[in-house]
$ cat model_22.cif   # mmCIF, C-alpha atoms and all ligand atoms
data_my_file
loop_
_atom_site.label_atom_id
_atom_site.label_comp_id
_atom_site.auth_asym_id
_atom_site.auth_seq_id
_atom_site.Cartn_x
_atom_site.Cartn_y
_atom_site.Cartn_z
CA MET J 14 158.66 82.47 189.40
CA ARG J 15 156.35 82.62 186.42
CA LEU J 16 153.06 80.81 187.01
CA TYR J 17 150.77 80.36 184.02
CA LEU J 18 147.09 79.37 184.29
CA ILE J 19 145.53 77.58 181.35
CA GLY J 20 142.09 76.06 180.76
CA MET J 21 138.73 76.53 179.14
CA PRO J 22 136.79 79.81 179.20
CA GLY J 23 135.01 79.88 182.54
CA ALA J 24 137.60 77.68 184.26
CA GLY J 25 138.45 80.58 186.59
CA LYS J 26 141.91 81.51 185.24
CA THR J 27 141.34 85.22 185.76
CA THR J 28 139.58 84.90 189.13
CA LEU J 29 141.95 82.33 190.68
CA GLY J 30 145.01 83.90 189.03
CA ARG J 31 144.38 87.23 190.69
CA ALA J 32 143.94 85.59 194.13
CA LEU J 33 147.03 83.43 193.66
CA ALA J 34 149.14 86.43 192.72
CA THR J 35 148.11 88.15 195.96
CA ALA J 36 148.92 85.04 198.02
CA LEU J 37 152.27 84.55 196.29
CA GLU J 38 153.09 88.28 196.30
CA LEU J 39 153.66 88.23 192.56
CA PRO J 40 152.42 90.72 189.96
CA PHE J 41 149.24 89.57 188.21
CA PHE J 42 148.57 89.85 184.50
CA ASP J 43 145.65 88.75 182.38
CA LEU J 44 146.64 88.19 178.77
CA ASP J 45 143.27 89.31 177.41
CA GLU J 46 143.47 92.52 179.44
CA GLU J 47 146.95 93.23 178.06
CA ILE J 48 145.68 92.73 174.51
CA VAL J 49 142.70 95.01 175.20
CA ARG J 50 145.02 97.69 176.59
CA GLN J 51 147.34 97.56 173.58
CA GLU J 52 144.53 97.40 171.04
CA GLY J 53 142.39 100.03 172.73
CA ARG J 54 139.29 97.90 172.13
CA SER J 55 137.61 94.84 173.62
CA VAL J 56 138.43 91.24 172.71
CA ALA J 57 134.94 90.98 171.19
CA GLU J 58 135.63 94.03 169.00
CA VAL J 59 138.99 92.68 167.88
CA PHE J 60 137.37 89.36 166.89
CA GLN J 61 134.52 91.11 165.12
CA THR J 62 136.59 93.66 163.20
CA GLU J 63 139.82 91.77 162.51
CA GLY J 64 138.89 88.11 162.91
CA GLU J 65 140.37 85.27 164.95
CA VAL J 66 143.58 84.91 162.91
CA TYR J 67 144.56 88.50 163.75
CA PHE J 68 143.62 87.98 167.43
CA ARG J 69 145.81 84.86 167.66
CA CYS J 70 148.79 86.75 166.19
CA ARG J 71 148.38 89.61 168.65
CA GLU J 72 147.87 87.12 171.50
CA ALA J 73 151.16 85.38 170.66
CA GLU J 74 153.02 88.70 170.36
CA VAL J 75 151.69 90.16 173.60
CA LEU J 76 152.45 86.87 175.39
CA ARG J 77 156.06 86.98 174.24
CA GLU J 78 156.47 90.63 175.25
CA LEU J 79 155.07 89.92 178.71
CA VAL J 80 157.22 86.84 179.31
CA GLU J 81 160.34 88.71 178.28
CA ARG J 82 159.52 91.67 180.47
CA GLN J 83 158.34 89.81 183.61
CA PRO J 84 160.57 87.20 185.27
CA ARG J 85 158.03 87.09 188.11
CA LEU J 86 154.31 86.93 187.47
CA VAL J 87 151.07 85.04 187.64
CA LEU J 88 149.51 85.07 184.18
CA ALA J 89 145.92 84.17 183.36
CA THR J 90 146.01 83.17 179.70
CA GLY J 91 143.01 83.07 177.35
CA GLY J 92 141.30 79.70 176.82
CA GLY J 93 142.83 79.26 173.36
CA THR J 94 146.31 80.56 174.16
CA PRO J 95 148.15 77.21 174.52
CA CYS J 96 146.69 75.93 171.24
CA PHE J 97 148.19 78.46 168.81
CA HIS J 98 151.59 79.71 167.59
CA HIS J 99 153.58 77.28 169.76
CA ASN J 100 152.51 79.26 172.82
CA LEU J 101 152.32 76.13 174.95
CA GLU J 102 156.01 75.37 174.31
CA LEU J 103 156.86 78.91 175.39
CA LEU J 104 154.85 78.49 178.60
CA LEU J 105 156.43 75.11 179.37
CA GLU J 106 159.94 76.47 178.79
CA THR J 107 159.67 79.71 180.72
CA GLY J 108 157.55 78.91 183.78
CA LEU J 109 155.25 76.58 185.62
CA THR J 110 151.93 75.84 183.94
CA LEU J 111 148.77 74.93 185.84
CA TYR J 112 145.74 73.49 184.08
CA LEU J 113 142.41 74.31 185.72
CA ALA J 114 140.24 71.33 184.87
CA VAL J 115 136.54 72.09 185.27
CA PRO J 116 133.79 69.64 184.25
CA LEU J 117 131.69 70.68 181.28
CA PRO J 118 128.35 71.09 183.13
CA GLU J 119 130.02 73.48 185.57
CA LEU J 120 131.52 75.49 182.68
CA VAL J 121 128.07 75.71 181.09
CA ARG J 122 126.58 76.95 184.36
CA ARG J 123 129.25 79.61 184.78
CA LEU J 124 129.20 80.81 181.18
CA HIS J 125 125.48 80.80 180.56
CA GLU J 126 125.16 84.37 181.85
CA SER J 127 128.32 85.84 180.32
CA ALA J 128 128.62 84.03 176.98
CA ALA J 129 127.64 87.14 175.00
CA ALA J 130 130.87 88.90 176.00
CA ARG J 131 132.96 85.95 174.79
CA PRO J 132 133.22 86.08 170.99
CA LEU J 133 133.63 82.35 170.43
CA LEU J 134 130.54 81.63 172.51
CA ALA J 135 128.33 84.57 171.52
CA GLN J 136 125.26 84.02 169.35
CA LEU J 137 124.64 80.52 170.63
CA SER J 138 120.89 80.33 170.85
CA ASP J 139 120.44 78.24 174.01
CA VAL J 140 122.14 76.23 176.74
CA ALA J 141 122.26 73.09 174.55
CA ALA J 142 124.12 74.98 171.83
CA LEU J 143 126.52 76.46 174.38
CA GLU J 144 127.15 73.00 175.82
CA ALA J 145 127.74 71.51 172.35
CA ARG J 146 130.23 74.26 171.47
CA LEU J 147 132.13 73.87 174.74
CA HIS J 148 132.22 70.10 174.31
CA GLU J 149 133.65 70.42 170.80
CA THR J 150 136.17 73.07 171.90
CA LEU J 151 137.37 71.02 174.87
CA ALA J 152 137.77 67.91 172.70
CA ALA J 153 140.07 69.85 170.37
CA ARG J 154 142.06 71.45 173.19
CA GLN J 155 142.39 68.65 175.73
CA ARG J 156 145.69 67.38 174.30
CA PHE J 157 147.23 70.83 174.83
CA TYR J 158 145.85 71.32 178.33
CA ASP J 159 147.00 67.84 179.38
CA ARG J 160 150.65 68.76 178.82
CA ALA J 161 150.66 71.10 181.83
CA PRO J 162 152.84 69.68 184.62
CA LEU J 163 150.33 70.86 187.25
CA ARG J 164 146.62 70.19 187.26
CA CYS J 165 143.90 71.25 189.61
CA ALA J 166 140.35 69.94 189.30
CA ALA J 167 137.24 71.85 190.35
CA PRO J 168 135.57 72.04 192.83
CA THR J 169 138.73 71.72 194.95
CA CYS J 170 140.72 74.23 192.95
CA THR J 171 141.20 76.83 195.66
CA VAL J 172 144.11 79.15 196.41
CA GLU J 173 145.09 76.91 199.33
CA ALA J 174 144.98 73.77 197.16
CA VAL J 175 147.19 75.38 194.52
CA LEU J 176 149.69 76.65 197.09
CA HIS J 177 149.92 73.10 198.44
CA LEU J 178 150.35 71.72 194.90
CA LEU J 179 153.14 74.21 194.20
CA ALA J 180 154.96 73.41 197.44
CA THR J 181 154.76 69.65 196.72
CA TYR J 182 155.92 70.13 193.14
CA GLN J 183 158.83 72.37 194.09
CA ALA J 184 159.95 69.99 196.87
CA SER J 185 160.06 67.12 194.37
CA ALA J 186 161.81 69.10 191.60
N1 LIG Z 1 135.92 78.65 191.68
C1 LIG Z 1 134.83 79.19 191.12
N2 LIG Z 1 133.60 78.78 191.49
C2 LIG Z 1 132.50 79.28 190.93
N3 LIG Z 1 132.49 80.24 189.96
C3 LIG Z 1 133.67 80.68 189.54
C4 LIG Z 1 134.91 80.19 190.09
N4 LIG Z 1 135.93 80.81 189.45
C5 LIG Z 1 135.36 81.65 188.56
N5 LIG Z 1 134.02 81.59 188.62
C6 LIG Z 1 133.06 82.35 187.79
O1 LIG Z 1 133.13 81.82 186.47
C7 LIG Z 1 133.13 82.88 185.52
C8 LIG Z 1 134.39 82.84 184.70
O2 LIG Z 1 135.52 83.10 185.53
P1 LIG Z 1 136.86 83.69 184.92
O3 LIG Z 1 137.81 83.85 186.05
O4 LIG Z 1 136.58 84.86 184.05
O5 LIG Z 1 137.33 82.45 184.02
P2 LIG Z 1 138.35 82.40 182.79
O6 LIG Z 1 139.31 83.55 182.95
O7 LIG Z 1 139.02 81.07 182.95
O8 LIG Z 1 137.51 82.47 181.56
C9 LIG Z 1 132.98 84.17 186.31
O9 LIG Z 1 131.61 84.48 186.31
C10 LIG Z 1 133.46 83.81 187.69
O10 LIG Z 1 132.84 84.58 188.68
O1 LIG Z 2 138.78 80.19 174.41
C1 LIG Z 2 139.17 81.08 173.63
O2 LIG Z 2 139.61 80.84 172.49
C2 LIG Z 2 139.13 82.49 174.09
C3 LIG Z 2 139.00 82.73 175.45
C4 LIG Z 2 138.95 84.09 176.00
O3 LIG Z 2 139.56 84.09 177.29
P1 LIG Z 2 138.93 83.36 178.58
O4 LIG Z 2 139.36 81.92 178.56
O5 LIG Z 2 139.50 84.09 179.75
O6 LIG Z 2 137.44 83.49 178.48
C5 LIG Z 2 139.63 85.10 175.08
O7 LIG Z 2 141.02 84.92 175.05
C6 LIG Z 2 139.08 84.97 173.67
O8 LIG Z 2 137.71 85.30 173.74
C7 LIG Z 2 139.27 83.58 173.10
MG MG Z 3 139.91 85.15 181.59
#
$ encode --input "model_22.cif" --output "structure tokens"
Amino acid sequence: MRLYLIGMPGAGKTTLGRALATALELPFFDLDEEIVRQEGRSVAEVFQTEGEVYFRCREAEVLRELVERQPRLVLATGGGTPCFHHNLELLLETGLTLYLAVPLPELVRRLHESAAARPLLAQLSDVAALEARLHETLAARQRFYDRAPLRCAAPTCTVEAVLHLLATYQASA
């Protein structure tokens, strides 16, 4: 099985993905980490030096390499992954996609401390600016996220809840 996690930055794709992979006994991958490994520099550095267009090309390439190589995995994507280069179609065709839906105020709370390390959120002067940026980003991305066949809404988005969701989905498929 290939299980893909999608959702906004701060939704918990990396954190929950890792725990789900352990529970499902599947290898775990984080798309950003794979890009960082191949590039030999951080996501922030790639954005700063090469720009977002380059990052999105690399993201799409690394995603395709991973999918081809790994028939079994849990993959935490980046927040923007489903919205570029027809990546969402690839996810929908090659595995099961789970959208982690987290309300905006909770995203703001989680990202307030770590926004500096996230290039699209860095340099926002205060919480109001961070909230406005996240609101705008979510509005543009919602139509992509909503195409995932599975959806889990915080605060009940636990490993146990997702395992139950998967079992129900697979029984009905
Ligand atoms: N279920 C959760 N409840 C509270 N905080 C969480 C939860 N999942 C993740 N976090 C926190 O939110 C931040 C972003 O989590 P992360 O897994 O990196 O999200 P993503 O990969 O979707 O950007 C981290 O500080 C993490 O500790
Ligand atoms: O939302 C985005 O466009 C991005 C989210 C990041 O991943 P996380 O969602 O894990 O923060 C990372 O891929 C890059 O900084 C771009
Ligand atoms: Mg992540």
$ closest_atom_pairs --input "model_22.cif" --of "chain J" --to "ligand LIG 2 (chain Z)" --cutoff "7 Å" --atoms "all atoms listed in the file" --output "JSON lines"
{"residue": "J:Gly20", "atom": "CA", "partner": "Z:LIG2", "partner_atom": "O4", "distance": 6.8}
{"residue": "J:Met21", "atom": "CA", "partner": "Z:LIG2", "partner_atom": "O4", "distance": 5.5}
{"residue": "J:Pro22", "atom": "CA", "partner": "Z:LIG2", "partner_atom": "O4", "distance": 3.4}
{"residue": "J:Gly23", "atom": "CA", "partner": "Z:LIG2", "partner_atom": "O6", "distance": 6.0}
{"residue": "J:Lys26", "atom": "CA", "partner": "Z:LIG2", "partner_atom": "O5", "distance": 6.5}
{"residue": "J:Thr27", "atom": "CA", "partner": "Z:LIG2", "partner_atom": "O5", "distance": 6.4}
{"residue": "J:Asp45", "atom": "CA", "partner": "Z:LIG2", "partner_atom": "O7", "distance": 5.5}
{"residue": "J:Val56", "atom": "CA", "partner": "Z:LIG2", "partner_atom": "O8", "distance": 6.1}
{"residue": "J:Ala57", "atom": "CA", "partner": "Z:LIG2", "partner_atom": "O8", "distance": 6.8}
{"residue": "J:Thr90", "atom": "CA", "partner": "Z:LIG2", "partner_atom": "O5", "distance": 6.6}
{"residue": "J:Gly91", "atom": "CA", "partner": "Z:LIG2", "partner_atom": "O7", "distance": 3.6}
{"residue": "J:Gly92", "atom": "CA", "partner": "Z:LIG2", "partner_atom": "O4", "distance": 3.4}
{"residue": "J:Gly93", "atom": "CA", "partner": "Z:LIG2", "partner_atom": "O2", "distance": 3.7}
{"residue": "J:Thr94", "atom": "CA", "partner": "Z:LIG2", "partner_atom": "O2", "distance": 6.9}
{"residue": "J:Arg131", "atom": "CA", "partner": "Z:LIG2", "partner_atom": "O8", "distance": 4.9}
{"residue": "J:Pro132", "atom": "CA", "partner": "Z:LIG2", "partner_atom": "O8", "distance": 5.3}
{"residue": "J:Leu133", "atom": "CA", "partner": "Z:LIG2", "partner_atom": "O8", "distance": 6.0}
$ write_last_selection --input "model_22.cif" --atoms "C-alpha atoms" --output "CSV table (one decimal), in the coordinates of the input"
chain,number,residue,atom,x,y,z
J,20,GLY,CA,142.1,76.1,180.8
J,21,MET,CA,138.7,76.5,179.1
J,22,PRO,CA,136.8,79.8,179.2
J,23,GLY,CA,135.0,79.9,182.5
J,26,LYS,CA,141.9,81.5,185.2
J,27,THR,CA,141.3,85.2,185.8
J,45,ASP,CA,143.3,89.3,177.4
J,56,VAL,CA,138.4,91.2,172.7
J,57,ALA,CA,134.9,91.0,171.2
J,90,THR,CA,146.0,83.2,179.7
J,91,GLY,CA,143.0,83.1,177.4
J,92,GLY,CA,141.3,79.7,176.8
J,93,GLY,CA,142.8,79.3,173.4
J,94,THR,CA,146.3,80.6,174.2
J,131,ARG,CA,133.0,86.0,174.8
J,132,PRO,CA,133.2,86.1,171.0
J,133,LEU,CA,133.6,82.4,170.4
$ residues_around --input "model_22.cif" --residues "region 162-167 of chain J" --least-positions-apart "4" --cutoff "10 Å" --atoms "all atoms listed in the file" --output "list in words"
Leu18, Ile19, Gly20, Ala24, Gly25, Leu105, Leu109, Thr110, Leu111, Tyr112, Leu113, Ala114, Val115, Pro116, Glu119, Tyr158, Thr171, Ala174, Val175, Leu178, Leu179 and Tyr182 of chain J
$ write_last_selection --input "model_22.cif" --atoms "C-alpha atoms" --output "compact mmCIF listing (two decimals), keeping the file's coordinate frame"
# COMPACT_ATOMS: atom_id res chain seq x y z
CA LEU J 18 147.09 79.37 184.29
CA ILE J 19 145.53 77.58 181.35
CA GLY J 20 142.09 76.06 180.76
CA ALA J 24 137.60 77.68 184.26
CA GLY J 25 138.45 80.58 186.59
CA LEU J 105 156.43 75.11 179.37
CA LEU J 109 155.25 76.58 185.62
CA THR J 110 151.93 75.84 183.94
CA LEU J 111 148.77 74.93 185.84
CA TYR J 112 145.74 73.49 184.08
CA LEU J 113 142.41 74.31 185.72
CA ALA J 114 140.24 71.33 184.87
CA VAL J 115 136.54 72.09 185.27
CA PRO J 116 133.79 69.64 184.25
CA GLU J 119 130.02 73.48 185.57
CA TYR J 158 145.85 71.32 178.33
CA THR J 171 141.20 76.83 195.66
CA ALA J 174 144.98 73.77 197.16
CA VAL J 175 147.19 75.38 194.52
CA LEU J 178 150.35 71.72 194.90
CA LEU J 179 153.14 74.21 194.20
CA TYR J 182 155.92 70.13 193.14
$ atom_distance --input "model_22.cif" --atom1 "CA of Ala141 (chain J)" --atom2 "CA of Gly30 (chain J)"
29.1 Å
$ closest_residue --input "model_22.cif" --among "J:Val87, J:Val140, J:Leu44, J:Val59" --to "Leu124 (chain J)" --atoms "only C-alpha atoms"
J:Val140
$ closest_residue --input "model_22.cif" --among "J:Leu101, J:Leu39, J:Ala73, J:Ala34" --to "Ala161 (chain J)" --atoms "only C-alpha atoms"
J:Leu101
$ residues_near_point --input "model_22.cif" --point "(156.5, 84.7, 191.7)" --cutoff "9 Å" --atoms "all atoms listed in the file" --output "list in words"
Met14, Arg15, Leu16, Ala34, Leu37, Glu38, Leu39, Pro40, Pro84, Arg85, Leu86 and Val87 of chain J
$ residues_around --input "model_22.cif" --residues "Leu76 (chain J)" --least-positions-apart "2" --cutoff "10 Å" --atoms "all atoms listed in the file" --output "list of chain:residue names"
J:Asp43, J:Leu44, J:Asp45, J:Glu47, J:Ile48, J:Cys70, J:Arg71, J:Glu72, J:Ala73, J:Glu74, J:Glu78, J:Leu79, J:Val80, J:Glu81, J:Arg82, J:Leu88, J:Thr90, J:Thr94, J:Asn100, J:Leu103, J:Leu104
$ write_last_selection --input "model_22.cif" --atoms "C-alpha atoms" --output "PDB file, in the frame of the given file"
ATOM      1  CA  ASP J  43     145.650  88.750 182.380  1.00  0.00           C
ATOM      2  CA  LEU J  44     146.640  88.190 178.770  1.00  0.00           C
ATOM      3  CA  ASP J  45     143.270  89.310 177.410  1.00  0.00           C
ATOM      4  CA  GLU J  47     146.950  93.230 178.060  1.00  0.00           C
ATOM      5  CA  ILE J  48     145.680  92.730 174.510  1.00  0.00           C
ATOM      6  CA  CYS J  70     148.790  86.750 166.190  1.00  0.00           C
ATOM      7  CA  ARG J  71     148.380  89.610 168.650  1.00  0.00           C
ATOM      8  CA  GLU J  72     147.870  87.120 171.500  1.00  0.00           C
ATOM      9  CA  ALA J  73     151.160  85.380 170.660  1.00  0.00           C
ATOM     10  CA  GLU J  74     153.020  88.700 170.360  1.00  0.00           C
ATOM     11  CA  GLU J  78     156.470  90.630 175.250  1.00  0.00           C
ATOM     12  CA  LEU J  79     155.070  89.920 178.710  1.00  0.00           C
ATOM     13  CA  VAL J  80     157.220  86.840 179.310  1.00  0.00           C
ATOM     14  CA  GLU J  81     160.340  88.710 178.280  1.00  0.00           C
ATOM     15  CA  ARG J  82     159.520  91.670 180.470  1.00  0.00           C
ATOM     16  CA  LEU J  88     149.510  85.070 184.180  1.00  0.00           C
ATOM     17  CA  THR J  90     146.010  83.170 179.700  1.00  0.00           C
ATOM     18  CA  THR J  94     146.310  80.560 174.160  1.00  0.00           C
ATOM     19  CA  ASN J 100     152.510  79.260 172.820  1.00  0.00           C
ATOM     20  CA  LEU J 103     156.860  78.910 175.390  1.00  0.00           C
ATOM     21  CA  LEU J 104     154.850  78.490 178.600  1.00  0.00           C
TER      22      LEU J 104
END
$ closest_residue --input "model_22.cif" --among "J:Glu144, J:Glu149, J:Glu126, J:Glu106" --to "ligand LIG 1 (chain Z)" --atoms "only C-alpha atoms and all ligand atoms"
J:Glu126
$ closest_residue --input "model_22.cif" --among "J:Leu117, J:Leu137, J:Ser127, J:Arg77" --to "ligand MG 3 (chain Z)" --atoms "all atoms listed in the file"
J:Ser127
$ closest_residue --input "model_22.cif" --among "J:Ala129, J:Phe157, J:Phe97, J:Arg122" --to "ligand LIG 1 (chain Z)" --atoms "only C-alpha atoms and all ligand atoms"
J:Arg122
$ axis_aligned_box --input "model_22.cif" --around "ligand LIG 1 (chain Z)" --padding-each-side "8 Å" --output "lines of an AutoDock Vina configuration file"
center_x = 135.5
center_y = 81.8
center_z = 186.6
size_x = 23.7
size_y = 22.2
size_z = 26.1
$ closest_residue --input "model_22.cif" --among "J:Leu147, J:Leu29, J:Val49, J:Ala36" --to "Leu176 (chain J)" --atoms "only C-alpha atoms"
J:Ala36
$ atom_distance --input "model_22.cif" --atom1 "CA of Phe42 (chain J)" --atom2 "CA of Ser185 (chain J)"
27.3 Å
$ atom_distance --input "model_22.cif" --atom1 "CA of Val75 (chain J)" --atom2 "atom C3 of ligand LIG 1 (chain Z)"
25.9 Å
$ decode --input "model_22.cif" --residues "region 58-152 of chain J" --atoms "C-alpha atoms" --output "PDB file, in the first residue's frame"
ATOM      1  CA  GLU J  58      18.151  27.379   1.099  1.00  0.00           C
ATOM      2  CA  VAL J  59      16.707  25.901  -2.080  1.00  0.00           C
ATOM      3  CA  PHE J  60      13.882  28.474  -2.031  1.00  0.00           C
ATOM      4  CA  GLN J  61      16.277  31.307  -1.308  1.00  0.00           C
ATOM      5  CA  THR J  62      18.927  30.418  -3.882  1.00  0.00           C
ATOM      6  CA  GLU J  63      16.877  28.890  -6.699  1.00  0.00           C
ATOM      7  CA  GLY J  64      13.339  30.151  -6.104  1.00  0.00           C
ATOM      8  CA  GLU J  65       9.988  28.398  -5.821  1.00  0.00           C
ATOM      9  CA  VAL J  66       9.714  27.396  -9.497  1.00  0.00           C
ATOM     10  CA  TYR J  67      12.905  25.331  -9.210  1.00  0.00           C
ATOM     11  CA  PHE J  68      11.724  23.809  -5.896  1.00  0.00           C
ATOM     12  CA  ARG J  69       8.404  22.742  -7.448  1.00  0.00           C
ATOM     13  CA  CYS J  70      10.215  21.045 -10.351  1.00  0.00           C
ATOM     14  CA  ARG J  71      12.512  19.146  -7.999  1.00  0.00           C
ATOM     15  CA  GLU J  72       9.546  18.274  -5.754  1.00  0.00           C
ATOM     16  CA  ALA J  73       7.666  16.769  -8.717  1.00  0.00           C
ATOM     17  CA  GLU J  74      10.743  14.828  -9.880  1.00  0.00           C
ATOM     18  CA  VAL J  75      11.619  13.441  -6.459  1.00  0.00           C
ATOM     19  CA  LEU J  76       7.960  12.479  -5.913  1.00  0.00           C
ATOM     20  CA  ARG J  77       7.902  10.507  -9.157  1.00  0.00           C
ATOM     21  CA  GLU J  78      11.191   8.747  -8.360  1.00  0.00           C
ATOM     22  CA  LEU J  79       9.912   7.755  -4.919  1.00  0.00           C
ATOM     23  CA  VAL J  80       6.561   6.474  -6.166  1.00  0.00           C
ATOM     24  CA  GLU J  81       8.239   4.395  -8.844  1.00  0.00           C
ATOM     25  CA  ARG J  82      10.743   2.945  -6.404  1.00  0.00           C
ATOM     26  CA  GLN J  83       8.398   2.250  -3.456  1.00  0.00           C
ATOM     27  CA  PRO J  84       5.256   0.140  -3.925  1.00  0.00           C
ATOM     28  CA  ARG J  85       4.833   0.243  -0.133  1.00  0.00           C
ATOM     29  CA  LEU J  86       5.228   3.436   1.836  1.00  0.00           C
ATOM     30  CA  VAL J  87       3.721   6.157   3.953  1.00  0.00           C
ATOM     31  CA  LEU J  88       4.660   9.495   2.410  1.00  0.00           C
ATOM     32  CA  ALA J  89       4.365  12.878   4.105  1.00  0.00           C
ATOM     33  CA  THR J  90       4.169  15.357   1.232  1.00  0.00           C
ATOM     34  CA  GLY J  91       4.905  19.089   1.465  1.00  0.00           C
ATOM     35  CA  GLY J  92       1.946  21.444   1.908  1.00  0.00           C
ATOM     36  CA  GLY J  93       2.080  22.601  -1.711  1.00  0.00           C
ATOM     37  CA  THR J  94       2.787  19.222  -3.317  1.00  0.00           C
ATOM     38  CA  PRO J  95      -0.753  18.389  -4.557  1.00  0.00           C
ATOM     39  CA  CYS J  96      -1.125  21.831  -6.141  1.00  0.00           C
ATOM     40  CA  PHE J  97       1.682  21.694  -8.727  1.00  0.00           C
ATOM     41  CA  HIS J  98       2.766  19.671 -11.773  1.00  0.00           C
ATOM     42  CA  HIS J  99      -0.273  17.365 -11.687  1.00  0.00           C
ATOM     43  CA  ASN J 100       1.110  15.774  -8.537  1.00  0.00           C
ATOM     44  CA  LEU J 101      -2.356  15.265  -7.095  1.00  0.00           C
ATOM     45  CA  GLU J 102      -3.374  13.114 -10.078  1.00  0.00           C
ATOM     46  CA  LEU J 103      -0.265  11.000  -9.536  1.00  0.00           C
ATOM     47  CA  LEU J 104      -1.126  10.556  -5.853  1.00  0.00           C
ATOM     48  CA  LEU J 105      -4.749   9.656  -6.619  1.00  0.00           C
ATOM     49  CA  GLU J 106      -3.704   7.121  -9.258  1.00  0.00           C
ATOM     50  CA  THR J 107      -0.941   5.370  -7.364  1.00  0.00           C
ATOM     51  CA  GLY J 108      -2.125   5.179  -3.753  1.00  0.00           C
ATOM     52  CA  LEU J 109      -4.523   6.240  -1.055  1.00  0.00           C
ATOM     53  CA  THR J 110      -4.518   9.927  -0.178  1.00  0.00           C
ATOM     54  CA  LEU J 111      -5.449  11.267   3.254  1.00  0.00           C
ATOM     55  CA  TYR J 112      -6.131  14.953   3.831  1.00  0.00           C
ATOM     56  CA  LEU J 113      -5.313  16.194   7.320  1.00  0.00           C
ATOM     57  CA  ALA J 114      -7.779  19.011   7.871  1.00  0.00           C
ATOM     58  CA  VAL J 115      -6.710  21.326  10.682  1.00  0.00           C
ATOM     59  CA  PRO J 116      -8.563  24.557  11.538  1.00  0.00           C
ATOM     60  CA  LEU J 117      -6.684  27.755  10.807  1.00  0.00           C
ATOM     61  CA  PRO J 118      -6.315  28.973  14.432  1.00  0.00           C
ATOM     62  CA  GLU J 119      -4.700  25.650  15.346  1.00  0.00           C
ATOM     63  CA  LEU J 120      -2.295  25.920  12.379  1.00  0.00           C
ATOM     64  CA  VAL J 121      -1.359  29.433  13.501  1.00  0.00           C
ATOM     65  CA  ARG J 122      -0.686  28.183  17.036  1.00  0.00           C
ATOM     66  CA  ARG J 123       1.500  25.343  15.806  1.00  0.00           C
ATOM     67  CA  LEU J 124       3.442  27.392  13.262  1.00  0.00           C
ATOM     68  CA  HIS J 125       3.980  30.542  15.266  1.00  0.00           C
ATOM     69  CA  GLU J 126       7.208  29.158  16.752  1.00  0.00           C
ATOM     70  CA  SER J 127       8.609  27.458  13.653  1.00  0.00           C
ATOM     71  CA  ALA J 128       7.532  29.755  10.810  1.00  0.00           C
ATOM     72  CA  ALA J 129      11.082  31.035  10.252  1.00  0.00           C
ATOM     73  CA  ALA J 130      12.217  27.613   9.012  1.00  0.00           C
ATOM     74  CA  ARG J 131       9.377  27.500   6.465  1.00  0.00           C
ATOM     75  CA  PRO J 132      10.278  29.682   3.485  1.00  0.00           C
ATOM     76  CA  LEU J 133       6.735  30.578   2.472  1.00  0.00           C
ATOM     77  CA  LEU J 134       5.938  31.708   6.006  1.00  0.00           C
ATOM     78  CA  ALA J 135       9.249  33.309   6.979  1.00  0.00           C
ATOM     79  CA  GLN J 136       9.521  37.081   7.363  1.00  0.00           C
ATOM     80  CA  LEU J 137       5.925  37.510   8.416  1.00  0.00           C
ATOM     81  CA  SER J 138       6.115  40.194  11.053  1.00  0.00           C
ATOM     82  CA  ASP J 139       3.464  38.993  13.515  1.00  0.00           C
ATOM     83  CA  VAL J 140       0.734  36.460  14.240  1.00  0.00           C
ATOM     84  CA  ALA J 141      -1.859  38.467  12.264  1.00  0.00           C
ATOM     85  CA  ALA J 142       0.356  38.389   9.173  1.00  0.00           C
ATOM     86  CA  LEU J 143       0.968  34.659   9.606  1.00  0.00           C
ATOM     87  CA  GLU J 144      -2.764  34.067   9.956  1.00  0.00           C
ATOM     88  CA  ALA J 145      -3.538  36.153   6.854  1.00  0.00           C
ATOM     89  CA  ARG J 146      -0.954  34.252   4.796  1.00  0.00           C
ATOM     90  CA  LEU J 147      -2.242  30.860   5.934  1.00  0.00           C
ATOM     91  CA  HIS J 148      -5.825  31.916   5.219  1.00  0.00           C
ATOM     92  CA  GLU J 149      -4.919  33.006   1.695  1.00  0.00           C
ATOM     93  CA  THR J 150      -2.871  29.852   1.072  1.00  0.00           C
ATOM     94  CA  LEU J 151      -5.626  27.536   2.307  1.00  0.00           C
ATOM     95  CA  ALA J 152      -8.226  29.319   0.156  1.00  0.00           C
TER      96      ALA J 152
END
